[in-house]
file work25.cif (mmCIF, C-alpha atoms)
data_upload
#
loop_
_atom_site.label_atom_id
_atom_site.label_comp_id
_atom_site.auth_asym_id
_atom_site.auth_seq_id
_atom_site.Cartn_x
_atom_site.Cartn_y
_atom_site.Cartn_z
CA MET A 1 0.00 0.00 0.00
CA GLU A 2 1.44 3.39 -1.04
CA PRO A 3 2.04 5.93 1.74
CA VAL A 4 -0.35 8.88 1.85
CA LYS A 5 1.34 11.98 0.42
CA ASN A 6 1.26 15.21 2.39
CA LYS A 7 0.29 18.56 0.83
CA SER A 8 3.88 19.55 0.17
CA GLU A 9 4.61 16.35 -1.74
CA LYS A 10 1.37 16.64 -3.76
CA ALA A 11 2.15 20.24 -4.60
CA GLU A 12 5.67 19.31 -5.71
CA GLU A 13 4.26 16.54 -7.92
CA PHE A 14 1.84 18.84 -9.71
CA TYR A 15 4.54 21.50 -9.97
CA LYS A 16 6.87 19.08 -11.81
CA LYS A 17 4.04 18.05 -14.11
CA GLY A 18 3.40 21.72 -14.84
CA LEU A 19 7.05 22.32 -15.68
CA ASP A 20 7.11 19.30 -17.99
CA ALA A 21 4.00 20.52 -19.81
CA LEU A 22 5.49 24.00 -20.11
CA ARG A 23 8.69 22.65 -21.69
CA LYS A 24 6.62 20.59 -24.16
CA GLY A 25 4.62 23.64 -25.22
CA ASP A 26 1.39 22.50 -23.57
CA TYR A 27 0.66 25.86 -21.99
CA GLU A 28 -2.95 25.17 -21.10
CA GLY A 29 -1.92 21.92 -19.39
CA ALA A 30 0.92 23.66 -17.58
CA LEU A 31 -1.44 26.38 -16.38
CA LEU A 32 -3.85 23.75 -15.04
CA MET A 33 -1.13 21.80 -13.17
CA LEU A 34 0.45 24.90 -11.69
CA THR A 35 -2.91 26.35 -10.67
CA ILE A 36 -3.65 23.11 -8.81
CA THR A 37 -0.24 23.45 -7.15
CA THR A 38 -1.10 26.91 -5.83
CA LYS A 39 -4.43 25.67 -4.51
CA ILE A 40 -2.82 22.76 -2.68
CA SER A 41 -0.04 24.94 -1.32
CA PRO A 42 -0.76 28.71 -1.51
CA SER A 43 2.75 29.41 -0.24
CA PHE A 44 4.32 27.75 -3.30
CA LYS A 45 5.70 31.01 -4.73
CA ASN A 46 7.45 29.49 -7.76
CA ALA A 47 4.19 27.97 -8.98
CA GLU A 48 2.32 31.23 -8.40
CA LYS A 49 4.93 33.14 -10.38
CA LEU A 50 4.77 30.68 -13.29
CA VAL A 51 0.98 30.88 -13.36
CA SER A 52 1.31 34.64 -13.80
CA GLU A 53 3.91 34.19 -16.57
CA ILE A 54 1.76 31.70 -18.48
CA LYS A 55 -1.35 33.86 -18.25
CA GLU A 56 0.61 36.76 -19.70
CA GLY A 57 2.08 34.55 -22.42
CA LEU A 58 -1.33 33.29 -23.51
CA LYS A 59 -2.32 36.89 -24.34
CA TRP A 60 0.17 36.78 -27.23
CA THR A 61 -0.02 35.03 -30.60
CA ALA A 62 3.33 33.30 -29.98
CA GLN A 63 4.92 32.21 -26.71
CA TYR A 64 8.52 31.82 -25.63
CA PHE A 65 9.12 30.53 -22.11
CA CYS A 66 12.57 30.00 -20.68
CA PRO A 67 13.06 26.20 -20.38
CA LYS A 68 15.15 26.76 -17.25
CA CYS A 69 13.24 29.27 -15.12
CA GLY A 70 9.90 29.39 -16.99
CA LYS A 71 9.87 33.16 -17.54
CA PHE A 72 7.76 34.40 -20.45
CA ILE A 73 9.93 36.34 -22.89
CA GLU A 74 8.01 39.47 -23.88
CA PRO A 75 9.21 41.52 -26.88
CA GLU A 76 11.37 44.52 -26.01
CA SER A 77 9.54 46.51 -28.69
CA THR A 78 6.53 45.64 -30.81
CA TYR A 79 5.66 45.73 -34.52
CA PRO A 80 6.70 47.39 -36.81
CA LEU A 81 9.99 47.93 -34.91
CA PHE A 82 9.74 44.48 -33.37
CA LYS A 83 12.60 43.21 -31.23
CA ILE A 84 12.80 40.24 -28.90
CA SER A 85 15.79 39.01 -26.90
CA GLU A 86 17.49 35.73 -27.74
CA TYR A 87 18.36 35.23 -24.07
CA CYS A 88 16.29 34.95 -20.91
CA PRO A 89 16.65 38.18 -18.89
CA ASN A 90 16.39 36.14 -15.67
CA CYS A 91 18.95 33.39 -16.13
CA GLY A 92 20.61 34.07 -19.50
CA THR A 93 19.43 30.84 -21.13
CA SER A 94 19.57 30.91 -24.95
CA LEU A 95 16.14 31.03 -26.63
CA PRO A 96 14.99 30.26 -30.21
CA THR A 97 13.50 33.73 -30.76
CA LYS A 98 15.70 34.82 -33.67
CA LYS A 99 13.06 33.77 -36.20
CA GLU A 100 10.54 36.27 -34.76
CA ASN A 101 12.78 39.19 -35.72
CA LEU A 102 13.03 37.73 -39.24
CA ILE A 103 9.24 37.25 -39.48
CA ASN A 104 8.73 40.91 -38.54
CA PHE A 105 11.21 42.06 -41.20
CA VAL A 106 9.54 39.95 -43.89
CA GLU A 107 6.03 41.11 -42.96
CA ILE A 108 6.77 44.85 -42.96
CA SER A 109 8.84 44.50 -46.16
CA ILE A 110 6.01 42.76 -48.03
CA LYS A 111 3.50 45.37 -46.88
CA LEU A 112 5.76 48.22 -47.99
CA LEU A 113 6.16 46.57 -51.40
CA LEU A 114 2.42 45.94 -51.79
CA PHE A 115 1.03 49.30 -50.69
CA GLY A 116 3.76 51.39 -49.08
CA ILE A 117 3.74 53.76 -52.06
CA PHE A 118 0.04 54.59 -51.66
CA PRO A 119 0.36 57.78 -49.52
CA ILE A 120 3.00 59.13 -51.92
CA LEU A 121 0.63 58.57 -54.83
CA LEU A 122 -2.14 60.35 -52.92
CA LEU A 123 0.11 63.34 -52.38
CA ILE A 124 1.03 63.41 -56.08
CA PHE A 125 -2.50 63.05 -57.45
CA CYS A 126 -4.47 64.90 -54.76
CA GLY A 127 -2.06 67.36 -53.17
CA ILE A 128 -0.01 68.66 -56.08
CA PRO A 129 -1.32 70.50 -59.18
CA TYR A 130 -0.08 69.55 -62.63
CA PRO A 131 0.90 71.77 -65.59
CA GLN A 132 -1.18 71.58 -68.78
CA ILE A 133 -0.34 73.06 -72.16
CA THR A 134 -3.13 75.30 -73.45
CA GLN A 135 -4.29 75.54 -77.07
CA TRP A 136 -2.34 78.79 -77.39
CA GLY A 137 0.92 77.13 -76.36
CA GLY A 138 0.92 78.47 -72.84
CA ILE A 139 0.96 76.50 -69.62
CA SER A 140 -1.85 76.48 -67.08
CA ILE A 141 -1.92 74.86 -63.65
CA LYS A 142 -4.68 72.30 -63.12
CA TRP A 143 -5.88 70.28 -60.16
CA THR A 144 -7.19 66.73 -60.38
CA ARG A 145 -10.67 66.24 -58.98
CA LEU A 146 -10.33 64.77 -55.51
CA SER A 147 -12.07 61.47 -56.26
CA ASP A 148 -10.15 61.11 -59.56
CA GLY A 149 -6.90 61.53 -57.64
CA ILE A 150 -7.88 58.94 -55.05
CA PHE A 151 -8.82 56.31 -57.62
CA SER A 152 -5.69 57.06 -59.68
CA ALA A 153 -3.57 56.44 -56.59
CA LEU A 154 -5.46 53.23 -55.85
CA SER A 155 -5.08 51.94 -59.42
CA LEU A 156 -1.29 52.34 -59.29
CA THR A 157 -0.89 50.59 -55.94
CA PRO A 158 0.35 46.96 -56.37
CA LEU A 159 -2.05 45.59 -53.74
CA THR A 160 -5.05 47.02 -55.62
CA PHE A 161 -3.77 45.57 -58.89
CA LEU A 162 -3.47 42.11 -57.31
CA PHE A 163 -6.98 42.46 -55.91
CA LEU A 164 -8.34 43.39 -59.34
CA LEU A 165 -6.60 40.38 -60.85
CA ALA A 166 -8.13 38.15 -58.17
CA ILE A 167 -11.65 39.32 -59.07
CA ASN A 168 -10.88 39.04 -62.81
CA ASP A 169 -11.02 42.80 -63.40
CA PRO A 170 -7.44 43.74 -64.43
CA GLU A 171 -8.66 46.90 -66.21
CA GLY A 172 -10.14 48.24 -62.97
CA ASN A 173 -13.68 48.67 -64.26
CA ILE A 174 -15.06 48.47 -60.73
CA LEU A 175 -12.90 51.42 -59.68
CA GLY A 176 -14.06 53.38 -62.70
CA MET A 177 -17.70 52.63 -61.92
CA ILE A 178 -17.36 53.78 -58.30
CA ASN A 179 -15.54 56.93 -59.40
CA TRP A 180 -18.30 57.62 -61.93
CA LYS A 181 -20.77 57.60 -59.04
CA PHE A 182 -18.72 60.28 -57.30
CA ASN A 183 -18.30 62.38 -60.44
CA SER A 184 -22.04 62.26 -61.12
CA LEU A 185 -22.41 64.63 -58.16
CA GLY A 186 -20.63 67.34 -60.17
CA THR A 187 -18.88 69.99 -58.07
CA THR A 188 -21.52 70.21 -55.39
CA PRO A 189 -20.77 70.33 -51.65
CA ALA A 190 -22.09 66.75 -51.47
CA TYR A 191 -19.36 65.66 -53.89
CA TYR A 192 -16.63 67.41 -51.90
CA ILE A 193 -17.80 65.96 -48.58
CA ALA A 194 -18.16 62.45 -50.03
CA SER A 195 -14.70 62.62 -51.63
CA ALA A 196 -13.13 63.95 -48.43
CA LEU A 197 -14.69 61.11 -46.44
CA LEU A 198 -13.43 58.61 -49.04
CA LEU A 199 -9.94 60.08 -48.72
CA PHE A 200 -10.06 59.73 -44.94
CA PHE A 201 -11.30 56.13 -45.20
CA VAL A 202 -8.60 54.92 -47.62
CA VAL A 203 -5.89 56.65 -45.56
CA TYR A 204 -7.23 55.06 -42.37
CA LEU A 205 -7.29 51.66 -44.09
CA TYR A 206 -3.68 52.19 -45.16
CA PHE A 207 -2.45 52.86 -41.63
CA LEU A 208 -4.59 50.04 -40.23
CA LEU A 209 -3.12 47.48 -42.64
CA LEU A 210 0.44 48.75 -42.41
CA LEU A 211 0.64 49.09 -38.63
CA THR A 212 -1.41 46.05 -37.60
CA PRO A 213 0.74 42.88 -37.37
CA ILE A 214 -0.60 39.72 -38.97
CA VAL A 215 2.05 37.04 -38.48
CA THR A 216 4.55 38.92 -36.31
CA MET A 217 4.24 38.09 -32.61
CA HIS A 218 1.71 40.45 -31.00
CA LYS A 219 -0.95 40.66 -28.33
CA LYS A 220 -4.23 39.16 -29.48
CA ASN A 221 -6.88 41.69 -30.59
CA GLU A 222 -4.55 44.55 -29.69
CA TRP A 223 -5.55 46.50 -32.82
CA ILE A 224 -9.16 46.97 -31.69
CA LYS A 225 -8.19 48.70 -28.45
CA TRP A 226 -8.86 52.42 -28.30
CA ARG A 227 -5.16 53.24 -27.80
CA LYS A 228 -4.34 51.67 -31.18
CA GLN A 229 -7.42 53.04 -32.93
CA LYS A 230 -6.64 56.53 -31.64
CA ARG A 231 -3.21 56.22 -33.22
CA PHE A 232 -4.60 55.13 -36.60
CA LEU A 233 -7.30 57.81 -36.54
CA GLY A 234 -4.78 60.49 -35.55
CA TYR A 235 -2.45 59.65 -38.44
CA SER A 236 -5.41 59.56 -40.84
CA ILE A 237 -6.78 62.92 -39.71
CA ILE A 238 -3.36 64.58 -40.04
CA PHE A 239 -2.66 63.16 -43.51
CA THR A 240 -6.16 63.90 -44.83
CA SER A 241 -6.08 67.43 -43.41
CA LEU A 242 -2.74 68.18 -45.08
CA ILE A 243 -4.17 67.36 -48.51
CA LEU A 244 -7.48 69.18 -47.97
CA ILE A 245 -5.80 72.26 -46.52
CA ARG A 246 -3.33 72.37 -49.42
CA ARG A 247 -6.22 72.27 -51.89
CA ALA A 248 -8.23 74.81 -49.90
CA LEU A 249 -5.31 77.27 -49.90
CA ALA A 250 -5.32 77.01 -53.70
CA GLY A 251 -9.08 77.60 -53.72
CA ILE A 252 -9.87 74.05 -54.85
CA PHE A 253 -13.06 72.57 -53.43
CA TYR A 254 -13.85 69.81 -55.91
#
call {"tool": "encode", "arguments": {"input": "work25.cif", "output": "structure tokens"}}
result
Amino acid sequence: MEPVKNKSEKAEEFYKKGLDALRKGDYEGALLMLTITTKISPSFKNAEKLVSEIKEGLKWTAQYFCPKCGKFIEPESTYPLFKISEYCPNCGTSLPTKKENLINFVEISIKLLLFGIFPILLLIFCGIPYPQITQWGGISIKWTRLSDGIFSALSLTPLTFLFLLAINDPEGNILGMINWKFNSLGTTPAYYIASALLLFFVVYLYFLLLLTPIVTMHKKNEWIKWRKQKRFLGYSIIFTSLILIRRALAGIFY
């Protein structure tokens, strides 16, 4: 007959099981075993500390726990300037986190290639007038209609082109149809307001896509928090205002 184990021995048993599960990547199982440990022995400080570390780690899309001391390795800085240590700050144990820095570099690089040029195109088509030769051989300064400028910028953005290919519309007929709807409003205040709102929306979408990590390690659902949204909205308001103010100073309200 096996001897009856005391609380300390039971706690130690569950603690070891929790550590084993943690090393194998079974974080939910580790959390369960270590939580049981703290209930059996509330004074088991190591187990309590690991429970806290695992709960924090589960808030992230990827987890790196030190195999020696169990500490969760949180990034030193987050996307897009992501950086995570390759060594445990507690005990100095080497960690396989190098790939996360590479993943971040690849993600931001692909995004910049696909649509990083978009705000520059908006500035060119919407914020800068263009010279036009008149029938008398002179040169006059013209401004692109706001909606025309927006859709021109969209059509020259690689991501938009890939999207149009995916829906079997390489000529961008859908963009032309939407722009026609805007232009049908003429030069009325309704047209200007609608075009300004469209400008704000596409700029907001740009910052949302660029600054929201997809595969890089990040806190789950972090992008929907007001702190992040305030950042995206702030950038969008500033960029949109710069273009509208530039046009307003030139007396352009169409």
call {"tool": "residues_around", "arguments": {"input": "work25.cif", "residues": "Asn221 (chain A)", "least_positions_apart": "6", "cutoff": "10 Å", "atoms": "all atoms listed in the file", "output": "MDAnalysis selection string"}}
result
chainID A and resid 59:61 212
call {"tool": "residues_around", "arguments": {"input": "work25.cif", "residues": "Leu199 (chain A)", "least_positions_apart": "3", "cutoff": "10 Å", "atoms": "only C-alpha atoms", "output": "ChimeraX atom specification"}}
result
/A:122,126,146-147,149-151,193-196,202-205,236-237,239-241,243-244
call {"tool": "closest_residue", "arguments": {"input": "work25.cif", "among": "A:Ile245, A:Leu156, A:Leu112, A:Ile103", "to": "Phe207 (chain A)", "atoms": "all atoms listed in the file"}}
result
A:Leu112
call {"tool": "resolve_selection", "arguments": {"input": "work25.cif", "expression": "the PyMOL selection byres ((chain A and resi 116) around 12)", "output": "list of chain:residue names"}}
result
A:Ile108, A:Ser109, A:Ile110, A:Lys111, A:Leu112, A:Leu113, A:Leu114, A:Phe115, A:Ile117, A:Phe118, A:Pro119, A:Ile120, A:Leu121, A:Leu122, A:Ala153, A:Leu154, A:Leu156, A:Thr157, A:Pro158, A:Leu159, A:Thr160, A:Val203, A:Tyr206, A:Phe207, A:Leu209, A:Leu210, A:Leu211
call {"tool": "resolve_selection", "arguments": {"input": "work25.cif", "expression": "the PyMOL selection byres ((chain A and resi 8) around 10)", "output": "JSON, numbers by chain"}}
result
{"A": [5, 6, 7, 9, 10, 11, 12, 13, 37, 40, 41, 43, 44]}
call {"tool": "resolve_selection", "arguments": {"input": "work25.cif", "expression": "the PyMOL selection byres ((chain A and resi 14-26) around 12)", "output": "number ranges by chain"}}
result
A: 7-13, 27-41, 44-51, 53-54, 57-58, 62-72
call {"tool": "closest_residue", "arguments": {"input": "work25.cif", "among": "A:Phe163, A:Tyr235, A:Phe82, A:Tyr87", "to": "Val106 (chain A)", "atoms": "only C-alpha atoms"}}
result
A:Phe82
call {"tool": "atom_distance", "arguments": {"input": "work25.cif", "atom1": "CA of Ile141 (chain A)", "atom2": "CA of Ala250 (chain A)"}}
result
10.7 Å
call {"tool": "atom_distance", "arguments": {"input": "work25.cif", "atom1": "CA of Gly127 (chain A)", "atom2": "CA of Arg247 (chain A)"}}
result
6.6 Å
call {"tool": "atom_distance", "arguments": {"input": "work25.cif", "atom1": "CA of Ser85 (chain A)", "atom2": "CA of Asn104 (chain A)"}}
result
13.7 Å
call {"tool": "closest_residue", "arguments": {"input": "work25.cif", "among": "A:Leu162, A:Ser155, A:Phe253, A:Tyr191", "to": "Ile174 (chain A)", "atoms": "all atoms listed in the file"}}
result
A:Ser155
call {"tool": "closest_residue", "arguments": {"input": "work25.cif", "among": "A:Met217, A:Ser140, A:Ile133, A:Trp226", "to": "Lys98 (chain A)", "atoms": "all atoms listed in the file"}}
result
A:Met217
call {"tool": "residues_around", "arguments": {"input": "work25.cif", "residues": "Pro131 (chain A)", "least_positions_apart": "4", "cutoff": "12 Å", "atoms": "all atoms listed in the file", "output": "MDAnalysis selection string"}}
result
chainID A and resid 138:144
call {"tool": "closest_residue", "arguments": {"input": "work25.cif", "among": "A:Leu249, A:Cys88, A:Phe182, A:Thr97", "to": "Leu197 (chain A)", "atoms": "only C-alpha atoms"}}
result
A:Phe182
